[in-house]
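S.K.: Got a structure for you, input16.txt, holding compact mmCIF, C-alpha atoms.
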# COMPACT_ATOMS: atom_id res chain seq x y z
CA MET A 207 -35.83 -5.88 11.21
CA ALA A 208 -32.63 -7.85 11.79
CA VAL A 209 -30.28 -6.90 14.58
CA VAL A 210 -26.58 -6.32 13.87
CA THR A 211 -24.06 -6.20 16.71
CA LEU A 212 -20.65 -4.57 16.37
CA ARG A 213 -17.50 -4.44 18.46
CA ALA A 214 -15.03 -1.62 18.86
CA PRO A 215 -13.57 0.08 16.93
CA LEU A 216 -16.36 -0.48 14.43
CA SER A 217 -19.10 0.34 16.94
CA GLN A 218 -17.36 3.63 17.74
CA ARG A 219 -17.14 4.52 14.06
CA ALA A 220 -20.85 3.69 13.68
CA GLY A 221 -21.96 6.36 16.07
CA GLY A 222 -20.99 4.62 19.29
CA ASP A 223 -23.78 2.06 19.07
CA ALA A 224 -23.00 -1.64 19.35
CA ARG A 225 -26.55 -2.68 18.35
CA HIS A 226 -28.35 -1.67 15.14
CA GLU A 227 -31.78 -2.68 13.81
CA LEU A 228 -31.69 -2.75 10.03
CA PRO A 229 -33.83 -3.85 7.07
CA GLY A 230 -32.66 -6.19 4.32
CA GLU A 231 -33.37 -9.55 2.73
CA THR A 232 -29.79 -10.81 2.66
CA VAL A 233 -26.71 -10.42 4.79
CA GLY A 234 -25.23 -8.19 2.09
CA ASP A 235 -28.36 -5.99 2.05
CA VAL A 236 -28.28 -5.53 5.82
CA LEU A 237 -24.56 -4.74 5.92
CA ARG A 238 -24.84 -2.25 3.05
CA GLU A 239 -27.65 -0.53 4.92
CA LEU A 240 -25.51 -0.39 8.05
CA GLU A 241 -22.51 1.02 6.18
CA SER A 242 -24.54 3.73 4.48
CA ARG A 243 -26.29 5.10 7.57
CA PRO A 244 -24.77 8.14 9.20
CA PRO A 245 -22.08 8.24 10.31
CA PRO A 246 -21.14 6.17 7.27
CA ILE A 247 -18.70 3.29 7.59
CA VAL A 248 -18.67 2.50 3.89
CA GLY A 249 -15.99 -0.03 3.05
CA TRP A 250 -15.25 -1.18 6.58
CA ILE A 251 -17.10 -4.51 6.42
CA LEU A 252 -17.77 -4.93 2.70
CA ASP A 253 -15.18 -4.17 0.03
CA GLU A 254 -16.11 -2.19 -3.08
CA GLN A 255 -17.26 -5.40 -4.77
CA GLY A 256 -19.75 -6.12 -1.99
CA ARG A 257 -17.74 -8.96 -0.46
CA VAL A 258 -17.20 -9.31 3.27
CA ARG A 259 -13.56 -8.43 3.91
CA PRO A 260 -11.31 -11.49 4.34
CA HIS A 261 -10.49 -10.77 7.98
CA VAL A 262 -14.02 -9.95 9.08
CA ASN A 263 -16.37 -12.72 10.23
CA VAL A 264 -20.14 -12.40 10.09
CA PHE A 265 -22.24 -14.79 12.15
CA LEU A 266 -25.97 -15.26 11.50
CA ASN A 267 -27.72 -16.63 14.60
CA GLY A 268 -24.41 -18.13 15.70
CA GLU A 269 -23.38 -19.66 12.37
CA ARG A 270 -20.73 -18.16 10.13
CA THR A 271 -22.37 -16.78 7.01
CA ARG A 272 -21.68 -14.90 3.78
CA GLU A 273 -23.18 -12.06 1.79
CA ASP A 274 -25.96 -13.89 -0.05
CA SER A 275 -27.54 -15.67 2.93
CA ALA A 276 -31.20 -14.83 3.56
CA VAL A 277 -32.05 -12.81 6.65
CA ALA A 278 -35.35 -12.87 8.58
CA THR A 279 -36.66 -10.07 10.76
CA THR A 280 -35.90 -11.99 13.93
CA ASP A 281 -32.30 -12.80 12.98
CA VAL A 282 -29.19 -11.55 14.77
CA LEU A 283 -25.98 -10.81 12.91
CA HIS A 284 -22.67 -10.51 14.78
CA VAL A 285 -19.82 -8.74 13.00
CA LEU A 286 -16.44 -9.73 14.45
CA PRO A 287 -12.83 -9.20 13.44
CA SER A 288 -10.91 -12.41 12.87
CA ILE A 289 -8.82 -13.68 15.73
CA SER A 290 -5.27 -12.92 14.67
CA GLY A 291 -1.96 -13.61 16.25
CA GLY A 292 -0.29 -16.53 17.93
CA MET H 215 4.97 27.41 10.73
CA ALA H 216 7.67 28.24 13.31
CA THR H 217 8.77 24.64 13.75
CA THR H 218 9.40 21.81 11.35
CA GLU H 219 6.56 19.31 11.32
CA LEU H 220 7.25 15.73 10.23
CA LEU H 221 4.56 13.26 9.28
CA VAL H 222 5.94 9.81 10.04
CA GLY H 223 3.81 6.89 8.90
CA THR H 224 4.56 3.66 10.74
CA LYS H 225 3.24 0.16 11.13
CA LYS H 226 1.57 1.36 14.32
CA GLY H 227 -0.01 4.64 13.41
CA LEU H 228 0.90 8.13 12.28
CA PHE H 229 3.33 10.13 14.39
CA VAL H 230 3.36 13.90 13.99
CA LEU H 231 6.73 15.18 15.19
CA ARG H 232 7.55 18.83 15.78
CA GLY H 233 10.92 20.41 16.40
CA ASP H 234 13.25 23.09 15.17
CA PRO H 235 16.63 22.01 13.82
CA ALA H 236 17.70 25.66 13.48
CA THR H 237 17.48 26.33 17.23
CA GLY H 238 18.17 22.80 18.41
CA MET H 239 14.64 22.38 19.78
CA PRO H 240 14.25 18.59 19.88
CA PHE H 241 11.56 16.85 17.90
CA GLU H 242 8.72 15.60 20.06
CA ILE H 243 5.54 13.68 19.33
CA ALA H 244 2.74 16.20 18.88
CA THR H 245 0.15 13.51 18.28
CA ARG H 246 -0.30 9.89 17.24
CA ALA H 247 -3.21 9.07 14.96
CA PHE H 248 -4.68 5.75 13.83
CA PRO H 249 -3.02 3.71 16.61
CA GLY H 250 -2.75 0.05 15.80
CA ASP H 251 -3.19 0.54 12.05
CA VAL H 252 -0.51 0.68 9.39
CA VAL H 253 -0.15 4.20 8.06
CA GLU H 254 1.46 3.67 4.68
CA PHE H 255 1.70 7.31 3.65
CA ALA H 256 0.98 10.77 5.00
CA MET H 257 1.53 14.20 3.51
CA ARG H 258 0.31 17.78 3.62
CA ASP H 259 -0.85 19.57 0.49
CA ARG H 260 1.11 22.78 0.89
CA ARG H 261 -1.29 24.62 -1.45
CA THR H 262 -4.23 24.22 0.91
CA GLY H 263 -2.75 23.08 4.22
CA ARG H 264 -4.84 19.90 4.14
CA TYR H 265 -3.28 16.74 5.56
CA PHE H 266 -3.77 13.26 4.09
CA ALA H 267 -3.04 9.86 5.57
CA SER H 268 -3.58 6.46 4.03
CA HIS H 269 -3.99 3.71 6.56
CA THR H 270 -4.92 0.08 6.51
CA SER H 271 -6.63 -1.90 9.21
CA GLY H 272 -5.69 -5.55 9.17
CA PHE H 273 -9.40 -6.29 9.49
CA TYR H 274 -11.32 -3.45 7.90
CA GLY H 275 -9.16 -2.63 4.88
CA PRO H 276 -7.47 0.49 3.49
CA ARG H 277 -8.80 4.03 3.37
CA LEU H 278 -7.74 7.61 2.84
CA MET H 279 -8.34 10.19 5.56
CA TYR H 280 -7.91 13.95 5.53
CA THR H 281 -7.97 16.80 8.01
CA ASP H 282 -6.91 20.40 8.40
CA ASP H 283 -5.55 19.67 11.89
CA PRO H 284 -3.67 16.41 12.44
CA THR H 285 -4.19 16.64 16.20
CA GLY H 286 -7.98 16.74 15.66
CA GLU H 287 -10.59 14.69 13.85
CA TRP H 288 -9.96 13.05 10.46
CA THR H 289 -12.56 12.62 7.72
CA GLN H 290 -12.73 9.58 5.46
CA ALA H 291 -12.45 10.46 1.77
CA THR H 292 -14.86 9.02 -0.76
CA GLY H 293 -12.41 6.68 -2.41
CA PRO H 294 -10.15 5.77 -3.85
CA VAL H 295 -12.08 2.56 -4.53
CA PHE H 296 -12.41 0.52 -7.67
CA PRO H 297 -15.70 0.55 -9.59
CA GLU H 298 -18.04 -2.33 -8.93
CA GLY H 299 -17.36 -5.22 -11.29
CA GLY H 300 -19.89 -7.46 -12.88
CA SER H 301 -21.94 -10.09 -11.12
CA ASP H 302 -19.04 -12.50 -11.63
CA GLY H 303 -17.19 -10.76 -8.84
CA SER H 304 -14.27 -9.88 -11.07
CA GLY H 305 -13.95 -6.27 -9.94
CA ALA H 306 -10.72 -5.19 -8.29
CA THR H 307 -10.42 -4.42 -4.59
CA LEU H 308 -8.21 -1.70 -3.18
CA GLU H 309 -5.31 -3.19 -1.22
CA ARG H 310 -3.17 -0.18 -0.29
CA ILE H 311 -2.76 3.52 -1.00
CA TRP H 312 0.92 4.13 -1.72
CA VAL H 313 1.17 7.82 -2.44
CA ILE H 314 -0.74 11.11 -2.70
CA THR H 315 0.73 13.80 -4.98
CA PRO H 316 -0.62 17.31 -5.66
CA GLY H 317 -1.30 18.03 -9.34
CA GLU H 318 -0.72 21.18 -11.33
CA SER H 319 -4.34 22.43 -11.39
CA ASP H 320 -6.22 23.84 -8.42
CA GLY H 321 -7.88 21.10 -6.40
CA VAL H 322 -6.23 18.28 -8.31
CA LEU H 323 -4.42 15.50 -6.49
CA TYR H 324 -3.29 12.10 -7.66
CA SER H 325 -3.23 8.85 -5.74
CA GLY H 326 -1.24 5.75 -6.59
CA VAL H 327 -2.49 2.47 -5.21
CA ALA H 328 -2.20 -1.30 -5.20
CA PRO H 329 -3.28 -3.10 -7.30
CA ALA H 330 -1.46 -0.64 -9.55
CA ALA H 331 -3.81 2.14 -10.59
CA LEU H 332 -3.98 5.91 -10.67
CA PHE H 333 -6.82 7.82 -9.05
CA VAL H 334 -7.55 11.52 -9.51
CA SER H 335 -9.32 14.01 -7.28
CA THR H 336 -10.48 17.38 -8.58
CA ASP H 337 -11.99 18.61 -5.30
CA GLY H 338 -8.99 18.81 -3.04
CA GLY H 339 -8.93 15.13 -2.14
CA GLU H 340 -12.49 14.59 -0.89
CA THR H 341 -13.59 12.31 -3.76
CA TRP H 342 -11.53 10.16 -6.12
CA GLN H 343 -12.01 8.67 -9.58
CA LEU H 344 -10.11 5.88 -11.30
CA ASN H 345 -8.05 6.75 -14.37
CA GLU H 346 -9.74 4.23 -16.62
CA SER H 347 -7.28 4.32 -19.51
CA LEU H 348 -4.27 3.35 -17.39
CA TRP H 349 -6.35 0.69 -15.69
CA LYS H 350 -7.13 -0.78 -19.11
CA GLU H 351 -3.39 -0.91 -19.81
CA HIS H 352 -2.98 -2.75 -16.51
CA GLU H 353 -5.70 -5.26 -17.30
CA ALA H 354 -4.42 -5.84 -20.82
CA GLY H 355 -0.76 -5.93 -19.91
CA ASP H 356 -0.34 -8.86 -17.53
CA TRP H 357 1.39 -6.62 -14.98
CA GLN H 358 3.37 -8.51 -12.37
CA PRO H 359 3.86 -7.51 -8.72
CA GLY H 360 7.15 -6.80 -6.99
CA ALA H 361 7.87 -8.07 -3.50
CA GLY H 362 5.82 -5.23 -2.04
CA GLY H 363 2.82 -5.89 -4.26
CA LEU H 364 1.71 -4.49 -7.61
CA ALA H 365 2.05 -0.84 -6.72
CA LEU H 366 1.79 2.52 -8.45
CA HIS H 367 3.96 4.44 -6.01
CA SER H 368 5.59 7.34 -7.88
CA ILE H 369 3.69 10.19 -9.54
CA CYS H 370 5.60 13.00 -11.26
CA PRO H 371 3.59 15.97 -12.52
CA TRP H 372 5.13 18.37 -15.02
CA PRO H 373 5.41 21.86 -13.50
CA GLY H 374 3.03 24.20 -15.28
CA ASP H 375 1.52 21.56 -17.57
CA PRO H 376 -1.38 19.58 -16.09
CA LEU H 377 -1.59 17.35 -19.16
CA ARG H 378 1.78 15.69 -18.68
CA LEU H 379 2.46 13.07 -16.06
CA ALA H 380 4.90 10.24 -15.43
CA VAL H 381 4.12 7.37 -13.05
CA GLY H 382 6.25 4.51 -11.77
CA VAL H 383 4.93 1.02 -11.14
CA SER H 384 6.49 -1.91 -9.35
CA ALA H 385 6.88 -4.01 -11.39
CA ALA H 386 5.43 -2.62 -14.62
CA GLY H 387 7.88 0.19 -15.36
CA VAL H 388 7.30 3.81 -16.30
CA TRP H 389 4.10 5.09 -17.89
CA LEU H 390 3.76 8.52 -19.48
CA THR H 391 0.85 10.65 -20.60
CA ASP H 392 0.81 13.91 -22.55
CA ASP H 393 -2.97 14.36 -22.67
CA GLY H 394 -4.04 14.41 -19.05
CA GLY H 395 -4.26 10.64 -18.71
CA GLN H 396 -6.44 9.87 -21.72
CA THR H 397 -3.67 7.83 -23.35
CA TRP H 398 -0.47 6.32 -21.99
CA ARG H 399 2.85 5.14 -23.40
CA THR H 400 5.71 3.27 -21.79
CA GLY H 401 9.12 4.60 -20.79
CA TYR H 402 11.04 1.31 -20.82
CA GLU H 403 14.08 1.96 -23.01
CA GLY H 404 17.37 1.49 -21.19
CA LEU H 405 15.94 -0.20 -18.07
CA VAL H 406 17.69 -3.53 -17.48
CA PRO H 407 15.98 -6.07 -15.20
CA GLU H 408 19.10 -7.79 -13.94
CA TYR H 409 16.93 -9.88 -11.63
CA MET H 410 15.64 -11.80 -14.67
CA PRO H 411 17.52 -14.40 -16.71
CA GLU H 412 19.43 -12.63 -19.47
CA GLU H 413 17.53 -14.40 -22.22
CA ASP H 414 14.20 -13.18 -20.83
CA ARG H 415 15.05 -9.49 -20.45
CA ASP H 416 14.37 -8.16 -23.95
CA GLY H 417 10.84 -6.89 -24.31
CA THR H 418 9.76 -7.71 -20.80
CA ASN H 419 7.42 -5.41 -18.91
CA VAL H 420 8.55 -6.79 -15.53
CA LEU H 421 10.41 -3.60 -14.67
CA CYS H 422 10.68 -2.96 -10.96
CA VAL H 423 10.73 0.78 -10.40
CA HIS H 424 11.35 1.58 -6.74
CA ASN H 425 11.03 5.38 -6.80
CA MET H 426 11.05 8.19 -9.34
CA HIS H 427 11.22 12.00 -9.19
CA ARG H 428 11.23 14.79 -11.74
CA ALA H 429 13.58 17.80 -11.64
CA PRO H 430 11.13 20.73 -11.55
CA THR H 431 13.52 23.28 -13.09
CA ARG H 432 14.31 20.93 -15.96
CA PRO H 433 11.19 18.79 -16.24
CA ASP H 434 12.41 16.58 -19.08
CA ARG H 435 14.86 15.12 -16.52
CA LEU H 436 13.87 12.41 -14.06
CA PHE H 437 15.83 10.27 -11.64
CA MET H 438 14.88 6.72 -10.72
CA GLN H 439 15.84 4.22 -8.05
CA PHE H 440 15.33 0.88 -9.75
CA HIS H 441 15.58 -2.67 -8.43
CA GLY H 442 19.38 -2.89 -8.40
CA ASN H 443 20.29 0.26 -10.28
CA VAL H 444 19.86 4.03 -10.41
CA TYR H 445 18.89 5.74 -13.65
CA ARG H 446 18.49 9.20 -15.16
CA SER H 447 16.26 10.19 -18.04
CA ASP H 448 16.78 13.38 -20.07
CA ASP H 449 13.86 12.82 -22.44
CA GLU H 450 10.79 13.02 -20.19
CA GLY H 451 11.12 9.42 -19.00
CA SER H 452 11.07 7.81 -22.43
CA SER H 453 14.56 6.32 -22.04
CA TRP H 454 16.99 5.83 -19.19
CA ASN H 455 20.74 5.85 -18.53
CA GLU H 456 22.44 3.96 -15.73
CA ILE H 457 24.17 6.15 -13.11
CA ARG H 458 25.01 3.73 -10.29
CA ALA H 459 28.82 3.93 -10.59
CA GLY H 460 30.20 5.30 -7.35
CA LEU H 461 27.38 4.10 -5.12
CA ALA H 462 27.87 1.55 -2.35
CA SER H 463 25.13 -0.44 -4.06
CA GLY H 464 22.65 0.03 -6.87
CA PHE H 465 19.88 -1.33 -4.67
CA GLY H 466 17.67 0.84 -2.50
CA PHE H 467 14.16 2.19 -2.28
CA PRO H 468 13.70 5.95 -1.82
CA LEU H 469 15.14 8.79 -3.88
CA LEU H 470 14.93 12.56 -3.56
CA ILE H 471 16.10 15.55 -5.54
CA ASP H 472 16.94 19.13 -4.65
CA PRO H 473 14.15 20.99 -6.48
CA SER H 474 16.47 23.90 -7.27
CA ASP H 475 19.17 21.74 -8.87
CA PRO H 476 18.32 19.54 -11.86
CA ASP H 477 21.67 17.76 -11.51
CA SER H 478 20.95 16.61 -7.96
CA ALA H 479 19.70 13.37 -6.47
CA PHE H 480 19.91 11.62 -3.11
CA VAL H 481 19.64 7.86 -2.55
CA ILE H 482 20.10 5.51 0.42
CA PRO H 483 21.82 2.33 -0.80
CA LEU H 484 21.04 -1.05 0.71
CA VAL H 485 23.19 -4.13 0.15
CA ALA H 486 20.98 -5.98 -2.35
CA ASP H 487 17.53 -7.47 -2.82
CA THR H 488 18.76 -10.51 -0.90
CA ASP H 489 19.98 -8.39 2.04
CA ARG H 490 17.99 -5.17 2.36
CA VAL H 491 20.08 -3.35 4.96
CA THR H 492 22.60 -0.52 4.95
CA PRO H 493 25.98 -1.84 3.69
CA ASP H 494 28.60 -2.80 6.27
CA GLY H 495 26.38 -1.57 9.10
CA HIS H 496 27.13 1.98 7.97
CA VAL H 497 24.22 4.36 7.32
CA ARG H 498 24.92 6.82 4.49
CA VAL H 499 22.93 8.96 2.13
CA TYR H 500 24.60 9.39 -1.27
CA GLU H 501 24.36 12.70 -3.08
CA THR H 502 25.07 13.62 -6.68
CA ARG H 503 25.32 17.20 -7.94
CA ASP H 504 26.44 16.30 -11.46
CA ALA H 505 23.46 14.25 -12.66
CA GLY H 506 24.91 10.97 -11.48
CA ALA H 507 28.44 11.24 -12.89
CA THR H 508 29.78 11.08 -9.32
CA TRP H 509 28.29 10.32 -5.92
CA THR H 510 29.38 11.56 -2.48
CA PRO H 511 28.50 9.63 0.69
CA ARG H 512 26.95 11.79 3.40
CA GLY H 513 27.13 10.17 6.80
CA THR H 514 28.31 12.75 9.29
CA GLY H 515 26.10 12.26 12.32
CA LEU H 516 24.55 9.01 11.07
CA PRO H 517 25.37 5.61 12.65
CA GLY H 518 28.77 4.56 11.33
CA ALA H 519 28.93 1.00 12.59
CA GLU H 520 26.72 -1.91 13.60
CA ALA H 521 23.61 -0.26 12.14
CA TYR H 522 21.72 -2.51 9.73
CA LEU H 523 18.77 -0.36 8.75
CA THR H 524 16.12 -0.79 6.09
CA VAL H 525 14.71 2.42 4.63
CA LEU H 526 11.50 1.91 2.69
CA ARG H 527 10.26 3.51 -0.51
CA GLN H 528 8.34 6.46 0.94
CA ALA H 529 10.43 6.95 4.08
CA PHE H 530 12.55 9.86 2.77
CA GLY H 531 11.19 13.41 2.72
CA SER H 532 12.50 16.93 2.26
CA SER H 533 11.75 20.60 2.66
CA GLY H 534 13.22 23.66 0.99
CA GLU H 535 16.03 23.63 -1.53
CA GLY H 536 19.72 24.30 -2.04
CA ARG H 537 22.28 23.91 0.69
CA GLY H 538 19.67 24.66 3.33
CA MET H 539 17.43 21.84 2.20
CA GLY H 540 16.03 19.71 5.01
CA LEU H 541 16.31 15.93 4.56
CA TYR H 542 14.57 13.39 6.78
CA PHE H 543 14.37 9.61 6.62
CA GLY H 544 13.09 6.80 8.81
CA ALA H 545 13.96 3.12 9.07
CA THR H 546 12.08 -0.02 9.94
CA SER H 547 14.07 0.04 13.20
CA GLY H 548 11.83 2.96 14.23
CA ASP H 549 14.67 5.48 14.03
CA VAL H 550 14.22 8.81 12.23
CA PHE H 551 17.16 10.98 11.13
CA GLY H 552 17.32 14.54 9.84
CA SER H 553 19.69 16.94 8.14
CA PRO H 554 19.26 20.74 8.11
CA ASP H 555 21.92 21.27 5.43
CA ALA H 556 21.13 18.99 2.47
CA GLY H 557 22.89 16.01 3.99
CA ALA H 558 26.16 17.63 5.06
CA THR H 559 25.38 16.83 8.71
CA TRP H 560 22.77 14.63 10.36
CA PHE H 561 21.09 14.28 13.73
CA SER H 562 18.70 11.84 15.38
CA VAL H 563 15.14 13.13 15.11
CA HIS H 564 13.56 10.35 17.14
CA GLU H 565 14.29 6.79 18.24
CA ARG H 566 12.20 3.72 18.88
CA LEU H 567 9.07 4.59 16.97
CA ALA H 568 7.32 1.71 15.21
CA PRO H 569 8.75 0.53 11.85
CA VAL H 570 8.67 3.57 9.58
CA THR H 571 6.83 3.35 6.27
CA SER H 572 6.83 7.00 5.19
CA VAL H 573 8.35 10.36 6.09
CA ARG H 574 7.23 13.73 4.73
CA VAL H 575 7.83 17.29 5.88
CA ALA H 576 4.48 19.04 6.33
Using the file provided, produce a representation of the structure as structure tokens.

M.R.:
Amino acid sequence: MAVVTLRAPLSQRAGGDARHELPGETVGDVLRELESRPPPIVGWILDEQGRVRPHVNVFLNGERTREDSAVATTDVLHVLPSISGG
Amino acid sequence: MATTELLVGTKKGLFVLRGDPATGMPFEIATRAFPGDVVEFAMRDRRTGRYFASHTSGFYGPRLMYTDDPTGEWTQATGPVFPEGGSDGSGATLERIWVITPGESDGVLYSGVAPAALFVSTDGGETWQLNESLWKEHEAGDWQPGAGGLALHSICPWPGDPLRLAVGVSAAGVWLTDDGGQTWRTGYEGLVPEYMPEEDRDGTNVLCVHNMHRAPTRPDRLFMQFHGNVYRSDDEGSSWNEIRAGLASGFGFPLLIDPSDPDSAFVIPLVADTDRVTPDGHVRVYETRDAGATWTPRGTGLPGAEAYLTVLRQAFGSSGEGRGMGLYFGATSGDVFGSPDAGATWFSVHERLAPVTSVRVA
């Protein structure tokens, strides 16, 4: 299974765990699985149309990626808020 | 509740203030929820005691939360969210929750959002469904946004009749239903969009409603703060009559009524759309008790000079009725003001909060 890492406050919302092992064939599959597991964080990363929110960045093995990218069982996904501000 | 509880939504979280204007007990911060996020709106459903807060993370989007104790844990509601679109990715995405309004039936609440749509809950606010027929009007109607977005921000139930509803949209005017939201008609007659070239005004749907309330003891009457004017309707919102004469300005955002007096309304004029501050540095609430024929400025206790405040659409709340009605408003300066006597006198509730987006009395 792929590994997804989260930062606060998302990790706190997701049960306090920063690291999650999750099944899925695409980035979108993995993130939907993450959002639906208890405690649910539905809508925090993906909007209701299944798109990664504009100010959230998802990195797949260090490269920025999008919802339809394929995911292998050894892959690591980092979910990060965009860097905002001056 | 022995004290008055204010729910103050700000750009940096929800502040719950408690105090007692009757005894002079100062308002203090009981709790601050959702720190760092914009809380666009917060209210308490007085039928059930349940609190609601809509907040938006700059990163993780908007959501609706509810709780029975605002100093405790909040639960995320299921929705409001738009249905999934087709594979072409054309489905809408929720941008902001502008308002939550209790309906006339047990368990029913309404939510107005951006992009402009109405959502309905029949289980006390835990789950929400899109009103599809109004959304179809939106999609078919080429609705245009105002400066604050394309927002359904005012929801006016009809006391005792759950089938009738009026909603206000910036900038797509007034929409009315008599069948519980199955079909909708417009309430455009008499609204004049002075912000458009004169030759383009006839027939336009670019009608920038800023706020709208119904008089509960005479429900065919509504009052509206419009973009540059104030209007009254005496025919359920179908047509509107201008009532701005006597105001410092026709421009402003919030509006309230005294629920016991169908001839009453309160507005907070700002200079104009090009200068959205209190006129002449003088903060005043204007009151009418004759359905808009005359207006009286109420400023005793409010800043009288060098105060250039902006009071946003949802930042004006009330409790009670008649001459003992409580009025409370907040400004983007972070100041909150209150009146225990329907605006006759005012006091400072709190200073230096974050920019205020909404004020409601719990």

S.K.: At what distance in Å, to one decimal, does atom CA of Leu308 of chain H lie from atom CA of Pro359 of chain H?

M.R.: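 Going from atom CA of Pro359 of chain H over to atom CA of Leu308 of chain H, I get 14.5 Å.
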
S.K.: Excluding Gly374 of chain H and residues on its chain fewer than 2 positions from it, collect all residues at most 12 Å away from it, counting only C-alpha atoms, and give them as a JSON list (two decimals) with C-alpha atoms, in the frame of the given file.

M.R.:
[["chain", "number", "residue", "atom", "x", "y", "z"],
["H", 317, "GLY", "CA", -1.30, 18.03, -9.34],
["H", 318, "GLU", "CA", -0.72, 21.18, -11.33],
["H", 319, "SER", "CA", -4.34, 22.43, -11.39],
["H", 320, "ASP", "CA", -6.22, 23.84, -8.42],
["H", 371, "PRO", "CA", 3.59, 15.97, -12.52],
["H", 372, "TRP", "CA", 5.13, 18.37, -15.02],
["H", 376, "PRO", "CA", -1.38, 19.58, -16.09],
["H", 377, "LEU", "CA", -1.59, 17.35, -19.16],
["H", 378, "ARG", "CA", 1.78, 15.69, -18.68],
["H", 379, "LEU", "CA", 2.46, 13.07, -16.06],
["H", 430, "PRO", "CA", 11.13, 20.73, -11.55],
["H", 431, "THR", "CA", 13.52, 23.28, -13.09],
["H", 432, "ARG", "CA", 14.31, 20.93, -15.96],
["H", 433, "PRO", "CA", 11.19, 18.79, -16.24]]

S.K.: Tell me which protein, DNA and RNA residues are within 10 Å of Ile369 of chain H, counting only C-alpha atoms, leaving out same-chain ones fewer than 5 positions away, and put them as a list in words.

M.R.: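 The filter keeps Val313, Ile314, Thr315, Pro316, Gly317, Tyr324, Ser325, Gly326, Leu332, Leu379, Ala380, Val381, Gly382, Val383, Val388, Trp389, Asn425, Met426, His427 and Arg428 of chain H.
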
S.K.: Would you mind listing, as a VMD selection string, all residues of chain H that have at least one atom within 8 Å of chain A, where only C-alpha atoms are what counts?

M.R.: chain H and resid 272 to 275 295 to 299 303 305 to 308

S.K.: Let me see the file: selected residues, C-alpha atoms, as a PDB file, in the frame of the given file.

M.R.:
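Below is the file that was written, result-v9.pdb:
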ATOM      1  CA  GLY H 272      -5.690  -5.550   9.170  1.00  0.00           C
ATOM      2  CA  PHE H 273      -9.400  -6.290   9.490  1.00  0.00           C
ATOM      3  CA  TYR H 274     -11.320  -3.450   7.900  1.00  0.00           C
ATOM      4  CA  GLY H 275      -9.160  -2.630   4.880  1.00  0.00           C
ATOM      5  CA  VAL H 295     -12.080   2.560  -4.530  1.00  0.00           C
ATOM      6  CA  PHE H 296     -12.410   0.520  -7.670  1.00  0.00           C
ATOM      7  CA  PRO H 297     -15.700   0.550  -9.590  1.00  0.00           C
ATOM      8  CA  GLU H 298     -18.040  -2.330  -8.930  1.00  0.00           C
ATOM      9  CA  GLY H 299     -17.360  -5.220 -11.290  1.00  0.00           C
ATOM     10  CA  GLY H 303     -17.190 -10.760  -8.840  1.00  0.00           C
ATOM     11  CA  GLY H 305     -13.950  -6.270  -9.940  1.00  0.00           C
ATOM     12  CA  ALA H 306     -10.720  -5.190  -8.290  1.00  0.00           C
ATOM     13  CA  THR H 307     -10.420  -4.420  -4.590  1.00  0.00           C
ATOM     14  CA  LEU H 308      -8.210  -1.700  -3.180  1.00  0.00           C
TER      15      LEU H 308
END

S.K.: Mind listing whatever residues come within 12 Å of the point (10.7, -11.3, -20.3)? Use only C-alpha atoms, file coordinates, and give them as a short mmCIF file (atom, residue, chain, number, x, y, z; two decimals) with C-alpha atoms, in the frame of the given file.

M.R.:
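Dumped to point-v3.cif:
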data_model
loop_
_atom_site.label_atom_id
_atom_site.label_comp_id
_atom_site.auth_asym_id
_atom_site.auth_seq_id
_atom_site.Cartn_x
_atom_site.Cartn_y
_atom_site.Cartn_z
CA ASP H 356 -0.34 -8.86 -17.53
CA TRP H 357 1.39 -6.62 -14.98
CA GLN H 358 3.37 -8.51 -12.37
CA ALA H 386 5.43 -2.62 -14.62
CA VAL H 406 17.69 -3.53 -17.48
CA PRO H 407 15.98 -6.07 -15.20
CA GLU H 408 19.10 -7.79 -13.94
CA TYR H 409 16.93 -9.88 -11.63
CA MET H 410 15.64 -11.80 -14.67
CA PRO H 411 17.52 -14.40 -16.71
CA GLU H 412 19.43 -12.63 -19.47
CA GLU H 413 17.53 -14.40 -22.22
CA ASP H 414 14.20 -13.18 -20.83
CA ARG H 415 15.05 -9.49 -20.45
CA ASP H 416 14.37 -8.16 -23.95
CA GLY H 417 10.84 -6.89 -24.31
CA THR H 418 9.76 -7.71 -20.80
CA ASN H 419 7.42 -5.41 -18.91
CA VAL H 420 8.55 -6.79 -15.53
CA LEU H 421 10.41 -3.60 -14.67
#

S.K.: In Å, how far is it from atom CA of Leu228 of chain H to atom CA of Leu541 of chain H?

M.R.: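 Separation between atom CA of Leu228 of chain H and atom CA of Leu541 of chain H: 18.9 Å.
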
S.K.: When distances are computed from all atoms listed in the file, which of A:Val282, A:Ala214, A:Val209, A:Val277 shows the smallest separation from Asp235 of chain A?

M.R.: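 Smallest separation from Asp235 of chain A among the options: A:Val277.
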
S.K.: I want to know what sits within 8 Å of Asp251 of chain H, based on only C-alpha atoms, with residues of the same chain fewer than 2 positions away left out; could you give that as a list in words?

M.R.: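 Near Asp251 of chain H, the qualifying residues are Lys225, Lys226, Gly227, Phe248, Pro249, Val253, His269, Thr270, Ser271 and Gly272 of chain H.
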
S.K.: Please report the interatomic distance between atom CA of Glu520 of chain H and atom CA of Ala558 of chain H in Å with one decimal.

M.R.: 21.3 Å

S.K.: List the neighbours of Leu283 of chain A out to 7 Å using all atoms listed in the file; skip same-chain residues closer than 2 positions along the sequence, and give me the result as a count of residues only.

M.R.: 9

S.K.: Up to 8 Å from (29.0, 17.7, 3.8) in the file's coordinates: name the residues, counting all atoms listed in the file, as an mmCIF file with C-alpha atoms, in the coordinates of the input.

M.R.:
data_model
loop_
_atom_site.group_PDB
_atom_site.id
_atom_site.type_symbol
_atom_site.label_atom_id
_atom_site.label_comp_id
_atom_site.auth_asym_id
_atom_site.auth_seq_id
_atom_site.Cartn_x
_atom_site.Cartn_y
_atom_site.Cartn_z
ATOM 1 C CA ARG H 512 26.950 11.790 3.400
ATOM 2 C CA THR H 514 28.310 12.750 9.290
ATOM 3 C CA GLY H 557 22.890 16.010 3.990
ATOM 4 C CA ALA H 558 26.160 17.630 5.060
ATOM 5 C CA THR H 559 25.380 16.830 8.710
#
